[in-house]
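**Q** To be precise about what I am sending: the file is called data_30.cif and holds mmCIF, C-alpha atoms.
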data_work
#
loop_
_atom_site.label_atom_id
_atom_site.label_comp_id
_atom_site.auth_asym_id
_atom_site.auth_seq_id
_atom_site.Cartn_x
_atom_site.Cartn_y
_atom_site.Cartn_z
CA MET A 21 73.45 -18.38 -31.48
CA VAL A 22 70.88 -16.12 -33.14
CA LEU A 23 68.47 -19.09 -33.57
CA SER A 24 68.88 -20.05 -29.88
CA GLN A 25 68.06 -16.47 -28.73
CA CYS A 26 65.07 -16.43 -31.08
CA ASN A 27 63.76 -19.71 -29.61
CA MET A 28 64.15 -18.36 -26.08
CA ARG A 29 62.21 -15.22 -26.97
CA ILE A 30 59.41 -17.30 -28.54
CA LYS A 31 59.24 -19.48 -25.39
CA SER A 32 59.11 -16.34 -23.18
CA LEU A 33 56.30 -14.91 -25.34
CA VAL A 34 54.32 -18.15 -25.09
CA VAL A 35 54.72 -18.19 -21.28
CA PHE A 36 53.67 -14.52 -21.13
CA ILE A 37 50.54 -15.16 -23.26
CA LYS A 38 49.62 -18.27 -21.22
CA THR A 39 50.09 -16.43 -17.91
CA ASN A 40 48.01 -13.44 -19.00
CA THR A 41 45.32 -15.73 -20.42
CA ILE A 42 45.08 -17.53 -17.06
CA ILE A 43 44.88 -14.18 -15.22
CA ALA A 44 42.21 -12.90 -17.63
CA VAL A 45 40.17 -16.11 -17.23
CA PHE A 46 40.54 -15.92 -13.42
CA VAL A 47 39.41 -12.27 -13.37
CA LEU A 48 36.44 -13.10 -15.60
CA PHE A 49 35.56 -16.10 -13.41
CA SER A 50 35.83 -14.08 -10.17
CA THR A 51 33.71 -11.29 -11.62
CA THR A 52 31.03 -13.79 -12.60
CA VAL A 53 31.10 -15.71 -9.33
CA PHE A 54 31.37 -12.77 -6.97
CA ALA A 55 29.25 -10.27 -8.92
CA GLN A 56 26.70 -8.74 -6.61
CA LYS A 57 23.08 -8.31 -7.58
CA VAL A 58 22.12 -4.63 -7.36
CA VAL A 59 18.68 -4.24 -5.79
CA ARG A 60 17.28 -0.76 -6.33
CA TYR A 61 14.49 1.05 -4.49
CA ASN A 62 13.07 4.50 -5.19
CA LEU A 63 11.68 6.26 -2.12
CA TYR A 64 9.59 9.41 -2.60
CA VAL A 65 9.35 11.40 0.66
CA LYS A 66 6.32 13.68 0.73
CA ASP A 67 4.16 15.65 3.18
CA THR A 68 0.64 14.36 3.75
CA LEU A 69 -2.36 14.80 6.04
CA VAL A 70 -3.79 11.94 8.12
CA HIS A 71 -6.88 11.49 10.26
CA PHE A 72 -5.65 8.71 12.55
CA ALA A 73 -7.13 9.89 15.85
CA GLY A 74 -10.06 12.21 15.33
CA LYS A 75 -8.08 15.19 14.00
CA GLU A 76 -6.44 16.05 10.73
CA LYS A 77 -2.69 16.20 11.32
CA ARG A 78 0.49 16.50 9.31
CA ALA A 79 2.48 13.35 8.62
CA ILE A 80 5.21 12.23 6.23
CA ALA A 81 4.49 9.43 3.75
CA VAL A 82 7.05 7.56 1.68
CA ASN A 83 5.76 6.21 -1.63
CA GLY A 84 2.33 7.27 -0.39
CA GLN A 85 2.32 5.05 2.69
CA ILE A 86 2.94 4.99 6.45
CA PRO A 87 5.03 3.15 7.55
CA MET A 88 7.66 3.33 4.83
CA PRO A 89 7.90 0.34 2.45
CA THR A 90 9.63 -2.81 3.70
CA LEU A 91 13.01 -3.06 1.95
CA THR A 92 14.05 -6.65 1.28
CA PHE A 93 17.49 -7.87 0.20
CA THR A 94 19.48 -11.11 0.20
CA GLU A 95 22.92 -11.29 1.78
CA GLY A 96 25.44 -10.62 -0.98
CA ASP A 97 23.26 -8.06 -2.76
CA THR A 98 24.22 -4.44 -3.25
CA ALA A 99 21.57 -2.02 -1.99
CA GLU A 100 20.94 1.04 -4.13
CA ILE A 101 18.33 3.30 -2.56
CA HIS A 102 17.32 6.52 -4.29
CA VAL A 103 15.72 8.97 -1.83
CA HIS A 104 13.72 11.71 -3.57
CA ASN A 105 13.05 14.47 -1.04
CA GLN A 106 9.76 16.17 -1.98
CA LEU A 107 9.42 17.86 1.42
CA LYS A 108 9.96 21.55 2.09
CA GLU A 109 12.63 20.61 4.63
CA GLU A 110 15.80 18.52 4.79
CA THR A 111 15.66 14.80 5.48
CA SER A 112 17.87 11.69 5.76
CA LEU A 113 17.61 7.93 6.28
CA HIS A 114 19.50 5.86 8.83
CA TRP A 115 19.82 2.07 8.45
CA HIS A 116 19.46 0.89 12.05
CA GLY A 117 21.85 -1.94 13.00
CA LEU A 118 23.42 -2.40 9.57
CA PHE A 119 27.11 -2.94 8.91
CA LEU A 120 27.95 -0.45 6.14
CA PRO A 121 30.45 2.22 5.09
CA ASN A 122 30.33 5.20 7.46
CA LYS A 123 29.40 7.61 4.66
CA GLU A 124 26.17 5.63 4.04
CA ASP A 125 25.02 5.65 7.69
CA GLY A 126 22.53 8.48 7.18
CA VAL A 127 23.34 10.90 10.01
CA PRO A 128 23.03 14.44 8.59
CA ASN A 129 25.97 16.80 9.06
CA LEU A 130 28.04 13.94 10.45
CA THR A 131 28.26 11.11 7.92
CA GLN A 132 26.54 12.93 5.08
CA MET A 133 25.08 16.30 4.16
CA PRO A 134 21.31 16.53 4.67
CA ILE A 135 19.12 15.70 1.67
CA ARG A 136 17.83 19.12 0.68
CA PRO A 137 14.28 19.76 -0.57
CA ASN A 138 13.62 18.75 -4.19
CA THR A 139 16.88 16.80 -4.49
CA THR A 140 17.74 13.11 -4.72
CA HIS A 141 20.36 11.27 -2.69
CA ILE A 142 21.59 7.76 -3.51
CA TYR A 143 22.61 5.37 -0.74
CA ARG A 144 24.67 2.44 -2.03
CA PHE A 145 26.19 -0.26 0.16
CA PRO A 146 26.81 -4.03 0.20
CA ILE A 147 24.51 -6.30 2.21
CA ILE A 148 26.98 -8.32 4.30
CA GLN A 149 24.63 -9.69 6.97
CA ASN A 150 21.17 -11.18 7.35
CA GLY A 151 18.28 -10.66 9.74
CA THR A 152 15.49 -8.27 10.65
CA HIS A 153 16.33 -4.59 11.11
CA TRP A 154 14.57 -1.30 10.43
CA TYR A 155 15.27 2.15 8.99
CA HIS A 156 14.10 5.64 9.86
CA SER A 157 14.68 9.35 9.39
CA HIS A 158 17.58 10.84 11.33
CA SER A 159 16.44 14.44 10.77
CA GLY A 160 14.63 16.30 13.52
CA LEU A 161 11.56 14.42 14.77
CA GLN A 162 10.41 13.14 11.36
CA GLU A 163 10.54 9.54 12.55
CA GLN A 164 7.60 10.19 14.91
CA ILE A 165 5.29 11.28 12.09
CA GLY A 166 5.75 8.45 9.64
CA MET A 167 9.36 7.92 8.57
CA TYR A 168 10.05 4.38 9.81
CA GLY A 169 9.98 0.98 8.10
CA ASN A 170 11.26 -2.59 8.14
CA PHE A 171 14.59 -3.59 6.58
CA VAL A 172 14.83 -7.34 5.92
CA MET A 173 17.98 -9.18 4.83
CA LEU A 174 17.41 -12.79 3.84
CA LYS A 175 19.90 -15.65 4.00
CA ARG A 176 21.09 -17.30 0.84
CA PRO A 177 19.55 -20.82 0.49
CA ASN A 178 23.09 -22.31 0.42
CA ASP A 179 24.11 -20.45 3.60
CA PRO A 180 25.43 -23.02 6.14
CA THR A 181 23.35 -21.25 8.83
CA PHE A 182 20.10 -21.65 6.82
CA ARG A 183 17.57 -23.35 9.12
CA LYS A 184 14.97 -25.54 7.40
CA GLY A 185 11.56 -25.10 8.93
CA ILE A 186 12.48 -21.59 10.10
CA ASP A 187 14.18 -19.59 7.34
CA ASP A 188 11.85 -20.98 4.66
CA LEU A 189 8.54 -20.27 6.45
CA PRO A 190 5.88 -17.88 5.10
CA THR A 191 6.90 -14.49 6.51
CA LEU A 192 5.23 -11.22 7.46
CA PRO A 193 7.31 -8.14 8.36
CA ILE A 194 5.63 -6.08 11.13
CA VAL A 195 6.62 -2.63 12.36
CA LEU A 196 5.08 -1.37 15.62
CA SER A 197 4.52 2.35 16.16
CA GLU A 198 2.49 4.96 18.02
CA TRP A 199 0.53 8.05 17.05
CA THR A 200 -0.31 11.21 18.96
CA ASN A 201 -2.17 14.27 17.73
CA LEU A 202 0.35 16.44 19.58
CA LYS A 203 3.33 17.75 17.66
CA PRO A 204 6.51 15.80 18.51
CA GLU A 205 8.15 19.11 19.47
CA ASN A 206 5.42 19.69 22.10
CA ILE A 207 5.99 16.24 23.58
CA HIS A 208 9.70 16.95 23.72
CA ARG A 209 9.03 20.14 25.69
CA MET A 210 6.62 18.39 28.09
CA LEU A 211 9.18 15.67 28.85
CA HIS A 212 11.70 18.34 29.83
CA ASN A 213 9.10 20.08 32.02
CA ALA A 214 7.86 16.88 33.76
CA ASN A 215 4.29 17.75 32.70
CA ASP A 216 1.41 15.68 34.20
CA TYR A 217 -0.72 15.89 31.05
CA PRO A 218 0.06 12.32 29.84
CA ALA A 219 -0.71 10.79 33.28
CA LEU A 220 -4.05 12.65 33.39
CA ARG A 221 -4.95 11.37 29.91
CA LYS A 222 -4.04 7.79 30.85
CA ASN A 223 -5.72 7.93 34.28
CA SER A 224 -2.42 6.94 35.89
CA VAL A 225 -2.13 9.90 38.28
CA GLN A 226 -0.76 8.82 41.69
CA SER A 227 -2.18 11.58 43.91
CA TYR A 228 -3.14 11.29 47.61
CA GLY A 229 -6.78 10.91 46.54
CA GLU A 230 -5.85 8.01 44.24
CA ALA A 231 -3.73 6.45 47.00
CA ILE A 232 -6.60 6.63 49.52
CA SER A 233 -9.13 5.13 47.11
CA ALA A 234 -6.67 2.32 46.28
CA GLY A 235 -6.04 1.67 50.02
CA HIS A 236 -2.38 2.74 49.77
CA PHE A 237 -2.26 6.01 51.70
CA LYS A 238 0.65 4.61 53.79
CA THR A 239 2.61 3.69 50.66
CA LYS A 240 2.17 7.20 49.27
CA MET A 241 3.23 8.80 52.58
CA LYS A 242 6.32 6.58 52.83
CA ASN A 243 7.41 7.38 49.28
CA GLU A 244 6.93 11.11 49.84
CA TRP A 245 9.07 10.86 52.99
CA LYS A 246 11.77 9.13 50.88
CA ARG A 247 11.39 11.92 48.30
CA MET A 248 10.37 9.33 45.71
CA MET A 249 8.07 11.09 43.28
CA ALA A 250 5.17 9.26 41.65
CA MET A 251 6.38 7.52 38.50
CA ASP A 252 4.59 6.24 35.43
CA VAL A 253 5.65 3.28 33.31
CA SER A 254 5.47 5.41 30.18
CA ASP A 255 5.85 9.19 30.04
CA VAL A 256 3.86 9.82 26.84
CA TYR A 257 0.18 9.36 26.03
CA TYR A 258 -0.61 8.01 22.57
CA GLU A 259 -4.08 8.05 21.02
CA LYS A 260 -3.32 5.12 18.69
CA ILE A 261 -0.98 2.14 18.43
CA PHE A 262 -0.24 0.63 15.02
CA MET A 263 0.91 -2.63 13.47
CA ASN A 264 2.00 -1.85 9.92
CA GLY A 265 0.08 1.42 10.07
CA HIS A 266 -3.22 -0.01 11.34
CA PRO A 267 -4.69 -0.50 14.84
CA SER A 268 -6.27 -3.76 13.62
CA SER A 269 -5.82 -5.85 10.47
CA GLU A 270 -6.08 -9.40 9.14
CA LEU A 271 -3.58 -11.84 7.64
CA LYS A 272 -5.52 -14.46 5.69
CA SER A 273 -2.88 -15.42 3.12
CA ILE A 274 0.79 -14.92 2.25
CA SER A 275 1.96 -14.76 -1.39
CA GLY A 276 -1.51 -15.90 -2.51
CA ASN A 277 -1.51 -19.00 -0.28
CA GLU A 278 -4.39 -19.10 2.18
CA LEU A 279 -3.39 -19.69 5.80
CA LYS A 280 -5.03 -22.66 7.47
CA GLY A 281 -4.87 -24.77 10.60
CA GLY A 282 -1.45 -26.38 11.13
CA ASP A 283 0.44 -23.68 9.25
CA LYS A 284 3.32 -21.77 10.82
CA VAL A 285 4.06 -18.11 10.16
CA ARG A 286 7.27 -16.20 10.83
CA LEU A 287 6.76 -12.63 12.00
CA ARG A 288 9.69 -10.23 11.60
CA ILE A 289 8.87 -7.56 14.18
CA SER A 290 10.54 -4.16 14.60
CA ASN A 291 9.63 -1.68 17.32
CA GLY A 292 9.59 1.61 15.42
CA GLY A 293 7.91 3.44 18.31
CA ALA A 294 9.38 6.61 19.77
CA SER A 295 9.04 5.63 23.44
CA SER A 296 6.79 2.58 23.93
CA TYR A 297 7.80 -0.90 24.97
CA PHE A 298 5.27 -3.53 23.85
CA TRP A 299 4.12 -6.82 25.33
CA LEU A 300 3.55 -9.36 22.53
CA THR A 301 0.93 -12.09 23.12
CA TYR A 302 -0.90 -14.57 20.88
CA ALA A 303 -4.37 -16.11 21.15
CA GLY A 304 -3.18 -19.26 19.33
CA GLY A 305 -0.79 -20.35 22.09
CA LYS A 306 2.91 -19.87 22.75
CA ILE A 307 5.31 -17.70 20.76
CA THR A 308 8.57 -19.26 19.49
CA VAL A 309 11.47 -16.80 19.42
CA VAL A 310 14.02 -17.59 16.68
CA ALA A 311 16.02 -14.34 16.32
CA ASN A 312 16.72 -11.07 18.14
CA ASP A 313 18.19 -7.88 16.65
CA GLY A 314 19.09 -9.71 13.45
CA ASN A 315 20.89 -12.58 15.20
CA ASP A 316 19.67 -16.18 15.21
CA VAL A 317 18.93 -17.66 18.64
CA GLU A 318 18.17 -21.18 19.76
CA PRO A 319 14.36 -21.41 19.35
CA VAL A 320 12.57 -20.89 22.67
CA GLU A 321 8.85 -20.89 23.47
CA VAL A 322 7.40 -18.12 25.64
CA ASP A 323 3.92 -17.11 26.78
CA ARG A 324 4.61 -13.44 26.13
CA LEU A 325 7.50 -11.26 25.07
CA ILE A 326 8.44 -7.63 25.64
CA ILE A 327 10.08 -5.67 22.83
CA ALA A 328 12.00 -2.46 23.53
CA VAL A 329 12.25 0.68 21.40
CA SER A 330 14.34 0.00 18.26
CA GLU A 331 14.57 -3.72 19.10
CA THR A 332 13.64 -6.48 16.64
CA TYR A 333 12.43 -10.04 17.18
CA ASP A 334 11.72 -12.87 14.76
CA ILE A 335 9.03 -15.17 16.11
CA ILE A 336 7.03 -18.14 14.87
CA VAL A 337 3.32 -18.56 15.60
CA ASN A 338 1.15 -21.58 14.83
CA ILE A 339 -2.40 -21.54 13.48
CA PRO A 340 -3.93 -24.29 15.63
CA ALA A 341 -7.26 -24.86 13.86
CA ASP A 342 -8.98 -24.34 10.51
CA LYS A 343 -11.62 -21.64 9.99
CA THR A 344 -10.18 -19.59 12.87
CA ALA A 345 -8.18 -16.34 12.97
CA TYR A 346 -6.05 -15.89 16.09
CA GLU A 347 -5.25 -12.46 17.46
CA PHE A 348 -1.60 -11.44 17.70
CA LEU A 349 -1.63 -8.54 20.16
CA ALA A 350 0.89 -5.80 20.95
CA THR A 351 0.09 -3.95 24.18
CA THR A 352 1.96 -0.91 25.49
CA GLU A 353 3.89 -1.61 28.70
CA ASP A 354 1.63 0.81 30.59
CA ARG A 355 -1.40 -1.28 29.40
CA THR A 356 -3.26 1.77 28.04
CA ASN A 357 -3.39 0.91 24.33
CA SER A 358 -2.82 -1.90 21.84
CA ALA A 359 -2.85 -3.00 18.22
CA SER A 360 -3.47 -6.42 16.74
CA ILE A 361 -3.44 -8.58 13.65
CA TYR A 362 -5.66 -11.65 13.18
CA ILE A 363 -3.71 -14.56 11.68
CA GLY A 364 -5.73 -17.19 9.85
CA ASN A 365 -8.97 -17.38 7.94
CA GLY A 366 -12.22 -17.68 9.89
CA ILE A 367 -13.83 -16.84 13.22
CA LYS A 368 -11.75 -14.40 15.25
CA GLN A 369 -10.26 -15.76 18.46
CA LEU A 370 -9.34 -12.85 20.74
CA LYS A 371 -6.45 -12.70 23.18
CA SER A 372 -7.37 -11.65 26.72
CA PRO A 373 -6.03 -8.12 27.37
CA LEU A 374 -3.33 -7.63 29.98
CA PRO A 375 -4.76 -6.34 33.30
CA ARG A 376 -4.40 -2.72 34.36
CA LEU A 377 -1.21 -1.98 36.30
CA LYS A 378 -1.45 -1.60 40.07
CA TYR A 379 0.75 1.45 40.49
CA PHE A 380 0.74 1.61 44.30
CA GLU A 381 1.47 -2.12 44.62
CA GLY A 382 4.51 -1.53 42.42
CA MET A 383 5.56 1.50 44.43
CA LYS A 384 5.92 -0.68 47.54
CA MET A 385 9.14 -1.95 46.00
#
Please express what this file holds, its structure, as structure tokens.

**A**
Amino acid sequence: MVLSQCNMRIKSLVVFIKTNTIIAVFVLFSTTVFAQKVVRYNLYVKDTLVHFAGKEKRAIAVNGQIPMPTLTFTEGDTAEIHVHNQLKEETSLHWHGLFLPNKEDGVPNLTQMPIRPNTTHIYRFPIIQNGTHWYHSHSGLQEQIGMYGNFVMLKRPNDPTFRKGIDDLPTLPIVLSEWTNLKPENIHRMLHNANDYPALRKNSVQSYGEAISAGHFKTKMKNEWKRMMAMDVSDVYYEKIFMNGHPSSELKSISGNELKGGDKVRLRISNGGASSYFWLTYAGGKITVVANDGNDVEPVEVDRLIIAVSETYDIIVNIPADKTAYEFLATTEDRTNSASIYIGNGIKQLKSPLPRLKYFEGMKM
């Protein structure tokens, strides 16, 4: 009887050890398989002075640059972003369009406390999606003076949605933005007061004199009778438009590989502007749209494309011939300003600018 009980206890102990060994192995296996790679960035936020448009003005640089650095992750990573606030004011960062825990969303006094001067805040969240997005300050009007940048989340090569010939192309992140020498607070006040200053600067005033010289006196009279005030396409005048912080730049190679005729390039474009929509056109032919706001779309070719504030598009452009650089052009919807990048290595091939808007023709509608 005693021997039988002893045998049963030994058997129970063996089962217990085996079970716990299996559990331990499973836990170890799951930790190895599902362990997330932590990708860390340090962002140093600091006041600076710029001379973008004929005057020295205050701006905010991050890691010494405007726009902020492009942050790149792969789906499955864990993002760890250390924000070192070296300003004399509070700041924050919002990850536009990302799926993340509410406490990491970057809205001061709502999802987090503001990042106070001379302190560091750590954002940490899993990357559970892929696509092109962007990030920006959510404090005051800091975004308008430099705090915006691209946020790229790549697919894993074994992802079933990975598209050969699209997701493996040479890629350039582009962030579009504007610059004005006016303080953002002054623009904010003018918008509330319906000030005509921007229209005067852009030569888009729709007065009776303008109507008569354009042969549209009747149109102006009719609209006045209908109490329809003169309207502009854009309410703000900007001295400069930027692609990646420059009004004009060149892309001759990617990752050390020179671009040549026959190559395709994927552009991950974010509109980080405060109020401008942009028409996108390309001197090398049609634009192929492959994603919008971080979501894949069935590839479609277009002659031109308009991108709204905070919107993102992934497009593919071809380099048709060797020894030629084709202009990729972003033009404000009101046609008053533009920025471009020349893609390829050689003689520059310019894109014809979009014609000036016919305001009174449009007002007929």

**Q** Convert the output of the PyMOL selection byres ((chain A and resi 354-359) around 9) on the shown file into explicit residues, formatted as a ChimeraX atom specification.

**A** /A:196,222,252-254,257-263,266-269,296-299,348-353,360-361,373-377

**Q** Which polymer residues have any atom within 10 Å of an atom of A:Lys368, counting all atoms listed in the file, with same-chain residues fewer than 3 positions away left out, as JSON, numbers by chain?

**A** {"A": [270, 303, 343, 344, 345, 346, 347, 362, 363, 364, 365, 371]}

**Q** Which residues come within 7 Å of A:Thr68, counting all atoms listed in the file, excluding same-chain residues fewer than 4 positions away, as a ChimeraX atom specification?

**A** /A:78-81

**Q** Given the file above and the PyMOL selection byres ((chain A and resi 238-246) around 7), which residues are selected, and can you give them as a list in words?

**A** Tyr228, Ala231, His236, Phe237, Arg247, Met248, Met249, Phe380 and Lys384 of chain A

**Q** Any chance you could resolve the PyMOL selection byres ((chain A and resi 136) around 12) against this file and give the residues as a PyMOL selection string?

**A** chain A and resi 65+103-112+128-129+132-135+137-141+159

**Q** If you measure from atom CA of A:His116 to atom CA of A:Trp154, what distance in Å do you get, rounded to one decimal?

**A** 5.6 Å

**Q** Nearest residue to A:Glu76 out of A:Glu318, A:Arg324, A:Leu202, A:Ser330, using only C-alpha atoms?

**A**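 Ranking A:Glu318, A:Arg324, A:Leu202, A:Ser330 by distance to A:Glu76, first place goes to A:Leu202.
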
**Q** Find the residues around A:Thr90 up to 6 Å (only C-alpha atoms counted), leave out those fewer than 6 positions away in its own chain, and share them as a PyMOL selection string.

**A** chain A and resi 169-171

**Q** So which residues fall inside 8 Å of (17.8, 1.6, 10.8) if we count all atoms listed in the file? Mind giving them as an MDAnalysis selection string?

**A** chainID A and resid 113:118 153:156 171

**Q** Go ahead and compute the interatomic distance for atom CA of A:Gly229 and atom CA of A:Val256, in Å to one decimal.

**A**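 The value is 22.4 Å.
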
**Q** Smallest atom-to-atom distance to A:Asn206: which of A:Ile101, A:Ala328, A:Leu161, A:Met383, using all atoms listed in the file?

**A** A:Leu161

**Q** Just the number, please: distance in Å from atom CA of A:Thr200 to atom CA of A:Gly293, one decimal.

**A**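 Computing the Euclidean distance for atom CA of A:Thr200 and atom CA of A:Gly293 yields 11.3 Å.
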
**Q** With a distance cut-off of 7 Å and all atoms listed in the file, select the neighbouring residues of A:Phe93, excluding the residue or stretch itself and same-chain residues fewer than 5 positions from it, and output the selection as an MDAnalysis selection string.

**A** chainID A and resid 172:174

**Q** Which residue gives the smallest distance to A:His102 among A:Ile335, A:Ala234, A:Leu63, A:Val309, with all atoms listed in the file counted?

**A**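 Counting all atoms listed in the file, the residue closest to A:His102 is A:Leu63.
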
**Q** Choose the residue, out of A:Gln85, A:Ser227, A:Leu220, A:Pro177, that has the smallest atom-to-atom separation from A:Asp67; count only C-alpha atoms.

**A**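 Among the listed residues, A:Gln85 lies closest to A:Asp67.
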
**Q** Which polymer residues, protein or nucleic acid, are no farther than 6 Å from (-0.2, 7.1, 13.7), counting all atoms listed in the file, as number ranges by chain?

**A** A: 72, 198-199
